[in-house]
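Comments concern the structure below.
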Amino acid sequence: MKTVLYAAPTIEPVSLSELLLHLRHESDDIATALTTTQSIRPGLKDIADNFTTHVGAGVEVLGKVALVNLNAGTVGAGGKVDVKIQESNDNATWADWNSYTQITAANDDAIHEKHYTGGKRYVRVVAKVTVAACPFGVDVITIDESSVEDDLLNELIQLAREHVEDYTRRAILTQTWDLYLDRWPDGREIVLPYGNLQSVTSVKYKDSAGAETTLTATTDYLVETNGADCGQIVLPPNVSWPSGSLYPSNPINIRYVCGWEDVSDVPARIKGAVKRLCADMYANRGEAVIGASVQPDTLAYRLLSPLRLWEGI
């Protein structure tokens, strides 16, 4: 049995801003750190009793502090504006995150602010206008606590996350793996390593001639996600694993997606350990001194120990 990473996670459990705060690192001046991006441009918006007409542009906010500001003008007679903030990991598939209090004559001519605290890579706004046309616009203000060491710190976050994954035998955030087997198991289940199984993409095998067959989910196999533990592929009643001779090298391939889906789902223990490991690597990033002994951060490992997985090894 062996596993090969097919698609790495696109986000990290700890943002650059969080690590800078943990390190008490100085940030740049506000002119450098602050960026304002229009999601919905300011102007008079026609009546549209839906959230598909007035759709704002996506703005990348990962690793930054993000404020979403709705700048409302004077609404038309009886006018109403409803605005929702949406979030996405890929700037394509969106889900509602939060919404503003409906804008009416009682609270127009004002800026309405929302601090985005989600864990997705992009945010945008969508709006609907009823009764009368109304003027408004929405900006996304991001504060990037950048420094000349950003590349180093981002690398340390990745290294710490990968080390935590090795230690706990877990996939921390969404990633895709290929599991290769030399033969079908003697029992009726296949344990999928790394925990937090989200889905099984495919189960394929090659016969001795190299011909590939893809098994059918629910007919040839069932999937048990098992929460934070290791998921499994199991046989349905009265079904057996395929028979016949298999290809001599990695004949069985199972592709699956695992890991917590959102940063907000990652346990605080893991986030704390990642930050402590980053701080250790940051403080000891020079050459080793002969005769010196750098002690590991034992608290980081005490935090992680209860989360170690022993299945699927």
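In the structure tokens, each chain is lettered A, B, ... as it comes, each chain's residues begin at 1, and ligands are numbered from 1 in order of appearance.
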> Where in stretch 132-266 of chain A does DSSP assign strand (DSSP E), given as a ChimeraX atom specification?
Replying inline: /A:134-143,175-181,189-192,197-206,212-214,222-224,231-234,252-258
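Residues with any atom within 9 Å of stretch 35-41 of chain A, counting only C-alpha atoms and excluding same-chain neighbours fewer than 5 positions away, are His54, Val55, Gly56, Ala57, Gly58, Val59, Val123, Arg124, Val125, Val126, Phe136, Gly137, Val138, Asp139, Val140, Ile141, Thr142, Ile143 and Asp144 of chain A.
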Selected residues written out with N, CA and C atoms, as a PDB file, in the first residue's frame:
```
ATOM      1  N   HIS A  54     -27.530  42.233  -9.656  1.00  0.00           N
ATOM      2  CA  HIS A  54     -26.452  43.060  -9.096  1.00  0.00           C
ATOM      3  C   HIS A  54     -25.472  42.139  -8.357  1.00  0.00           C
ATOM      4  N   VAL A  55     -24.492  41.642  -9.102  1.00  0.00           N
ATOM      5  CA  VAL A  55     -23.514  40.688  -8.576  1.00  0.00           C
ATOM      6  C   VAL A  55     -22.133  41.337  -8.587  1.00  0.00           C
ATOM      7  N   GLY A  56     -21.503  41.392  -7.439  1.00  0.00           N
ATOM      8  CA  GLY A  56     -20.199  42.030  -7.340  1.00  0.00           C
ATOM      9  C   GLY A  56     -19.069  41.116  -7.769  1.00  0.00           C
ATOM     10  N   ALA A  57     -17.904  41.709  -8.007  1.00  0.00           N
ATOM     11  CA  ALA A  57     -16.706  40.955  -8.362  1.00  0.00           C
ATOM     12  C   ALA A  57     -16.118  40.292  -7.122  1.00  0.00           C
ATOM     13  N   GLY A  58     -15.526  39.124  -7.310  1.00  0.00           N
ATOM     14  CA  GLY A  58     -14.855  38.443  -6.215  1.00  0.00           C
ATOM     15  C   GLY A  58     -13.546  39.140  -5.862  1.00  0.00           C
ATOM     16  N   VAL A  59     -13.243  39.180  -4.579  1.00  0.00           N
ATOM     17  CA  VAL A  59     -12.022  39.820  -4.090  1.00  0.00           C
ATOM     18  C   VAL A  59     -11.271  38.808  -3.222  1.00  0.00           C
ATOM     19  N   VAL A 123     -14.266  36.733  -1.356  1.00  0.00           N
ATOM     20  CA  VAL A 123     -15.586  37.210  -0.970  1.00  0.00           C
ATOM     21  C   VAL A 123     -16.127  38.099  -2.085  1.00  0.00           C
ATOM     22  N   ARG A 124     -17.453  38.225  -2.129  1.00  0.00           N
ATOM     23  CA  ARG A 124     -18.121  39.155  -3.034  1.00  0.00           C
ATOM     24  C   ARG A 124     -19.447  39.516  -2.406  1.00  0.00           C
ATOM     25  N   VAL A 125     -20.164  40.462  -3.024  1.00  0.00           N
ATOM     26  CA  VAL A 125     -21.503  40.807  -2.546  1.00  0.00           C
ATOM     27  C   VAL A 125     -22.493  40.662  -3.684  1.00  0.00           C
ATOM     28  N   VAL A 126     -23.721  40.327  -3.328  1.00  0.00           N
ATOM     29  CA  VAL A 126     -24.839  40.305  -4.272  1.00  0.00           C
ATOM     30  C   VAL A 126     -25.970  41.105  -3.646  1.00  0.00           C
ATOM     31  N   PHE A 136     -26.024  52.880  -4.434  1.00  0.00           N
ATOM     32  CA  PHE A 136     -25.127  52.312  -3.437  1.00  0.00           C
ATOM     33  C   PHE A 136     -23.914  51.694  -4.146  1.00  0.00           C
ATOM     34  N   GLY A 137     -22.926  51.351  -3.380  1.00  0.00           N
ATOM     35  CA  GLY A 137     -21.749  50.644  -3.860  1.00  0.00           C
ATOM     36  C   GLY A 137     -21.159  49.858  -2.709  1.00  0.00           C
ATOM     37  N   VAL A 138     -20.362  48.855  -3.024  1.00  0.00           N
ATOM     38  CA  VAL A 138     -19.751  48.037  -1.976  1.00  0.00           C
ATOM     39  C   VAL A 138     -18.261  47.878  -2.263  1.00  0.00           C
ATOM     40  N   ASP A 139     -17.448  48.233  -1.281  1.00  0.00           N
ATOM     41  CA  ASP A 139     -16.000  48.067  -1.373  1.00  0.00           C
ATOM     42  C   ASP A 139     -15.544  46.987  -0.402  1.00  0.00           C
ATOM     43  N   VAL A 140     -14.488  46.287  -0.794  1.00  0.00           N
ATOM     44  CA  VAL A 140     -13.827  45.343   0.109  1.00  0.00           C
ATOM     45  C   VAL A 140     -12.461  45.930   0.450  1.00  0.00           C
ATOM     46  N   ILE A 141     -12.278  46.242   1.720  1.00  0.00           N
ATOM     47  CA  ILE A 141     -11.013  46.816   2.183  1.00  0.00           C
ATOM     48  C   ILE A 141     -10.201  45.701   2.834  1.00  0.00           C
ATOM     49  N   THR A 142      -9.008  45.452   2.318  1.00  0.00           N
ATOM     50  CA  THR A 142      -8.145  44.410   2.870  1.00  0.00           C
ATOM     51  C   THR A 142      -6.911  45.046   3.475  1.00  0.00           C
ATOM     52  N   ILE A 143      -6.513  44.514   4.608  1.00  0.00           N
ATOM     53  CA  ILE A 143      -5.308  44.969   5.287  1.00  0.00           C
ATOM     54  C   ILE A 143      -4.321  43.823   5.277  1.00  0.00           C
ATOM     55  N   ASP A 144      -3.245  44.004   4.550  1.00  0.00           N
ATOM     56  CA  ASP A 144      -2.226  42.975   4.385  1.00  0.00           C
ATOM     57  C   ASP A 144      -1.020  43.367   5.220  1.00  0.00           C
TER      58      ASP A 144
END
```
- Could you name the residues that touch A:Leu277 at 12 Å or less, counting only C-alpha atoms, but leaving out those on the same chain fewer than 4 positions away, as a PyMOL selection string? chain A and resi 14+19+22-23+153+156-164+270-273+281-285+295-301+303-304
Atom CA of A:Leu215 sits from atom CA of A:Ile254 at a separation of 10.1 Å
- Task: Give the helix (DSSP H, G or I) residues of stretch 74-294 of chain A, as assigned by DSSP on the backbone, as an MDAnalysis selection string.
- Result: chainID A and resid 150:168 263:265 268:283
task = Write out as a VMD selection string each polymer residue whose atoms come within 10 Å of A:Asp46, counting only C-alpha atoms; drop sequence neighbours fewer than 6 positions from it.
result = chain A and resid 53 to 54 128 to 135
With C-alpha atoms retained, could you export that selection as a PDB file, in the first residue's frame?
```pdb
ATOM      1  CA  THR A  53     -28.671  41.004 -11.382  1.00  0.00           C
ATOM      2  CA  HIS A  54     -26.452  43.060  -9.096  1.00  0.00           C
ATOM      3  CA  LYS A 128     -31.427  43.034  -4.801  1.00  0.00           C
ATOM      4  CA  VAL A 129     -33.395  46.271  -5.104  1.00  0.00           C
ATOM      5  CA  THR A 130     -37.149  46.520  -4.659  1.00  0.00           C
ATOM      6  CA  VAL A 131     -39.841  49.224  -4.975  1.00  0.00           C
ATOM      7  CA  ALA A 132     -37.524  51.959  -6.302  1.00  0.00           C
ATOM      8  CA  ALA A 133     -34.064  52.386  -7.794  1.00  0.00           C
ATOM      9  CA  CYS A 134     -31.404  53.052  -5.150  1.00  0.00           C
ATOM     10  CA  PRO A 135     -27.816  54.320  -5.207  1.00  0.00           C
TER      11      PRO A 135
END
```
| Pick from A:Gly76, A:Asp150, A:Val83, A:Val274, whichever lies nearest to A:Ala106 using only C-alpha atoms |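 Closest candidate: A:Gly76.
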Requested in this report: Skip stretch 193-204 of chain A itself and residues of its chain fewer than 4 positions away, then list as a VMD selection string all residues within 6 Å of it, counting only C-alpha atoms.
Outcome: chain A and resid 169 to 171 213 to 215 225 227 to 231 252 to 259 312
Nearest to A:Trp97, restricted to only C-alpha atoms and choosing among A:Pro237, A:Lys120, A:Ala268, A:Glu113, comes out as A:Lys120
Original post:
In Å, with one decimal, what is the gap from atom CA of A:Thr52 to atom CA of A:Lys84?
Top reply: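 Distance reported for this atom pair: 11.4 Å.
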A:Trp310 proximity check over A:Val191, A:Ala209, A:Ile233, A:Ala72, using only C-alpha atoms: winner is A:Val191
- Find the residues around A:Gly244 up to 12 Å (only C-alpha atoms counted), leave out those fewer than 5 positions away in its own chain, and share them as a list in words.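 So, after excluding close chain neighbours, the residues are Arg183, Trp184, Tyr205, Lys206, Asp207, Ser208, Ala209 and Pro251 of chain A.
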